[in-house]
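> I have a structure I would like to understand better, so I am pasting it below and will then ask my questions one at a time.
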Amino acid sequence: MGLRAMIDWQAIDTVFLDMDGTLLDLHFDTYFWVEHVPRRYAEKHGMPLADAKDYVMKRSHSMLGTINWYCIDYWSNELDLDIALLKEEVDHLIAVHPHVTDFLDAVRASERRVVLVTNAHMKSLALKMERTQLGGHFDAMICSHEFGMAKEQPGFWQTLQQREPYDPRRTLLVDDSLAVLRSARDYGLSWLLAVYQPDSTEARRDVGEFDAIESFADIIPQAYLKR
Ligand SMILES: [Mg+2]
């Protein structure tokens, strides 16, 4: 049985979509933080690349799961580097996963609400939308920075109601972060899907207790499944 059969589109009227690793290939972000930032940091501070990699990784791990981890301004300050500018240097690596635009078009044609809900900083969102031209495919785009908390933090999904009212029982969330899926489940979102391969250059991931998609081709709603 394919996932298409496991998603009951008649029971869903809102779709929340994560950006990095879900709609877009996580390879850009991984390469950026594991290779590019340490390289520039090493150059700036005249230190060996291996040491810079170690340092950046330790610093970033200490902020995991918090809004700072996703904050360009925070890291620009902490590392004394222009993180937004560094992203532009490697922006050719920003790529949309296969079947994403077909999926977005089909969901919108079915008259369901499609909302991008991301932990990415506004500057990252702007760069990625400029590079991919995906922006026009959503009814709304929301950065968790607006609320000062990350999607995996308790309270996020409740707070989102003020900006984007939704019925948790009739909402589908697709997100590559298991921590985010768990926090959404705790708030009562009924339809949750993980992503097997957020980074196209890495092996399939363990998706814990969640169902997951190989690609968005798995869940494209049929044209007759209008809301
Ligand atoms: Mg993600």
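Lettering and numbering for the structure tokens are positional, with chains as A, B, ... in the shown order, residues counted from 1 in each chain, and ligands counted from 1 in the shown order.
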Taking only C-alpha atoms and all ligand atoms and a cut-off of 9 Å, can you tell me which residues surround ligand 1, written as a PDB file with C-alpha atoms, in the first residue's frame?

```
ATOM      1  CA  ASP A  18       8.800  22.492   6.430  1.00  0.00           C
ATOM      2  CA  MET A  19      11.406  24.006   4.099  1.00  0.00           C
ATOM      3  CA  ASP A  20      14.965  22.720   4.679  1.00  0.00           C
ATOM      4  CA  GLY A  21      15.244  18.960   4.233  1.00  0.00           C
ATOM      5  CA  THR A  22      11.574  18.645   3.335  1.00  0.00           C
ATOM      6  CA  LEU A  23      10.868  20.809   0.266  1.00  0.00           C
ATOM      7  CA  LEU A  24      14.526  21.678  -0.281  1.00  0.00           C
ATOM      8  CA  LEU A  26      19.277  19.565   3.069  1.00  0.00           C
ATOM      9  CA  THR A 118       9.981  27.075   8.824  1.00  0.00           C
ATOM     10  CA  ASN A 119      12.562  27.552  11.547  1.00  0.00           C
ATOM     11  CA  ALA A 120      14.808  29.179   8.977  1.00  0.00           C
ATOM     12  CA  ASP A 175       8.728  17.796   8.267  1.00  0.00           C
ATOM     13  CA  ASP A 176      12.110  16.064   8.287  1.00  0.00           C
ATOM     14  CA  SER A 177      12.693  16.833  11.984  1.00  0.00           C
ATOM     15  CA  VAL A 180       9.270  18.921  15.333  1.00  0.00           C
ATOM     16  CA  PRO A 198      16.301  15.030   3.594  1.00  0.00           C
TER      17      PRO A 198
END
```
> Please identify which residues in segment 32-227 of chain A DSSP calls helix (DSSP H, G or I) from the backbone, and express them as number ranges by chain.
A: 32-45, 49-61, 67-70, 72-79, 83-89, 91-93, 100-109, 122-132, 135-137, 144-147, 156-163, 168-170, 178-187, 216-219
> Taking the backbone alone, and naming residues the way the document does, which bits of segment 18-208 of chain A are strand (DSSP E or B) by DSSP, as a list of chain:residue names?
A:Asp20, A:Leu24, A:Val96, A:Arg113, A:Val114, A:Val115, A:Leu116, A:Val117, A:Thr118, A:Ala140, A:Met141, A:Ile142, A:Cys143, A:Thr171, A:Leu172, A:Leu173, A:Val174, A:Trp191, A:Leu192, A:Leu193, A:Ala194, A:Val195
> Which residue, A:Leu172, A:Leu81, A:Leu116, A:Met149, has the smallest gap to His45 of chain A when you use only C-alpha atoms?
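Looking only at the distances to His45 of chain A, the closest residue turns out to be A:Leu81.
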> Excluding same-chain residues fewer than 2 positions from Asp199 of chain A, what lies within 12 Å of it counting only C-alpha atoms, as a list in words?
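With the cut-off at 12 Å, the set is Asp20, Gly21, Thr22, Leu23, Leu24, Asp25, Leu26, His27, Phe28, Asp29, Thr30, Tyr31, Leu93, Ile94, Ala95, Val96, His97, Asp176, Val195, Tyr196, Gln197, Thr201, Glu202, Ala203, Arg204, Arg205, Glu214 and Ser215 of chain A.
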> Looking at only C-alpha atoms, which of A:Val117, A:Leu104, A:Ile83, A:Ala217 is the one that sits closest to His137 of chain A?
A:Leu104
> Got a sec: who's within 9 Å of Arg131 of chain A, counting only C-alpha atoms, leaving out chain neighbours fewer than 2 positions off, as a ChimeraX atom specification?
/A:91-92,94-95,126-129,133-134
> Selection from above, N, CA and C atoms, as a short mmCIF file (atom, residue, chain, number, x, y, z; two decimals), in the first residue's frame, can you write it?

```cif
data_model
loop_
_atom_site.label_atom_id
_atom_site.label_comp_id
_atom_site.auth_asym_id
_atom_site.auth_seq_id
_atom_site.Cartn_x
_atom_site.Cartn_y
_atom_site.Cartn_z
N ASP A 91 25.17 29.53 -2.88
CA ASP A 91 23.72 29.37 -3.11
C ASP A 91 23.37 28.54 -4.35
N HIS A 92 24.39 28.23 -5.17
CA HIS A 92 24.13 27.33 -6.30
C HIS A 92 23.76 25.93 -5.83
N ILE A 94 21.55 25.32 -3.50
CA ILE A 94 20.15 25.29 -3.06
C ILE A 94 19.32 24.58 -4.14
N ALA A 95 18.62 23.53 -3.74
CA ALA A 95 17.86 22.76 -4.74
C ALA A 95 16.53 22.27 -4.17
N ALA A 126 14.39 34.26 2.47
CA ALA A 126 14.40 35.16 1.31
C ALA A 126 15.37 34.65 0.24
N LEU A 127 16.56 34.24 0.66
CA LEU A 127 17.56 33.75 -0.29
C LEU A 127 17.04 32.49 -1.00
N LYS A 128 16.43 31.59 -0.23
CA LYS A 128 15.98 30.33 -0.82
C LYS A 128 14.79 30.53 -1.75
N MET A 129 13.92 31.46 -1.42
CA MET A 129 12.78 31.72 -2.31
C MET A 129 13.25 32.42 -3.59
N GLN A 133 12.35 30.19 -6.51
CA GLN A 133 11.09 30.71 -7.05
C GLN A 133 9.87 29.92 -6.54
N LEU A 134 9.98 29.33 -5.36
CA LEU A 134 8.86 28.55 -4.81
C LEU A 134 7.81 29.43 -4.11
#
```
> Identify which of the residues A:Trp69, A:Tyr187, A:Phe103, A:Trp33 lies closest to Asp218 of chain A, counting only C-alpha atoms when measuring atom-to-atom distances.
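Smallest distance to Asp218 of chain A is found for A:Phe103.
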> Find the residue from A:Glu152, A:Asp73, A:Glu164, A:Glu130 that sits nearest to Leu178 of chain A; use only C-alpha atoms when measuring.
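Closest to Leu178 of chain A, using only C-alpha atoms: A:Glu152.
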> Would you work out the distance separating atom CA of Tyr166 of chain A from atom CA of Ala109 of chain A, expressed in Å to one decimal?
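These two atoms are separated by 19.1 Å.
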> Write out as number ranges by chain the residues lying within 9 Å of Asp102 of chain A, counting only C-alpha atoms and excluding same-chain residues fewer than 4 positions away.
A: 98, 106-107, 216-217, 220
> Do a neighbour search on Ala194 of chain A at 7 Å with only C-alpha atoms, toss out local chain neighbours closer than 5 positions, and write the hits as a list in words.
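The residues that qualify are Val174, Asp175, Asp176, Val207, Phe210, Asp211, Ala212 and Ile213 of chain A.
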> Do a neighbour search on Tyr74 of chain A at 12 Å with only C-alpha atoms, toss out local chain neighbours closer than 5 positions, and write the hits as an mmCIF file with C-alpha atoms, in the first residue's frame.

```
data_model
loop_
_atom_site.group_PDB
_atom_site.id
_atom_site.type_symbol
_atom_site.label_atom_id
_atom_site.label_comp_id
_atom_site.auth_asym_id
_atom_site.auth_seq_id
_atom_site.Cartn_x
_atom_site.Cartn_y
_atom_site.Cartn_z
ATOM 1 C CA ARG A 59 29.173 25.656 19.169
ATOM 2 C CA SER A 60 26.248 24.696 16.983
ATOM 3 C CA MET A 63 22.282 25.559 20.558
ATOM 4 C CA THR A 66 16.642 26.518 20.132
ATOM 5 C CA ILE A 67 15.738 29.467 17.948
ATOM 6 C CA ASN A 68 19.365 30.649 18.101
ATOM 7 C CA TRP A 69 20.474 27.551 16.229
ATOM 8 C CA LEU A 79 31.444 33.672 14.828
ATOM 9 C CA ASP A 80 32.151 37.221 13.669
ATOM 10 C CA LEU A 81 31.287 36.263 10.094
ATOM 11 C CA ASP A 82 28.637 37.624 7.710
ATOM 12 C CA ILE A 83 26.575 34.429 7.601
ATOM 13 C CA ALA A 84 24.001 35.786 5.128
ATOM 14 C CA HIS A 121 15.705 32.810 9.525
ATOM 15 C CA HIS A 145 11.393 33.627 14.514
#
```
> Could you tell me which of A:Asp206, A:Arg170, A:Leu86, A:Val37 comes closest to Leu192 of chain A if we count only C-alpha atoms?
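So, comparing all the options, the nearest one is A:Arg170.
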> Could you please determine the separation between atom CA of Phe156 of chain A and atom CA of Phe32 of chain A in Å, to one decimal place?
26.8 Å
> Return the single residue from A:Arg108, A:Asp167, A:Val34, A:Gly155 that is closest to Gln222 of chain A, with distances computed using only C-alpha atoms.
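Of A:Arg108, A:Asp167, A:Val34, A:Gly155, the one nearest Gln222 of chain A, counting only C-alpha atoms, is A:Arg108.
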> Have a look at atom CA of Asp13 of chain A and atom CA of Val114 of chain A and let me know their distance in Å, one decimal.
8.9 Å
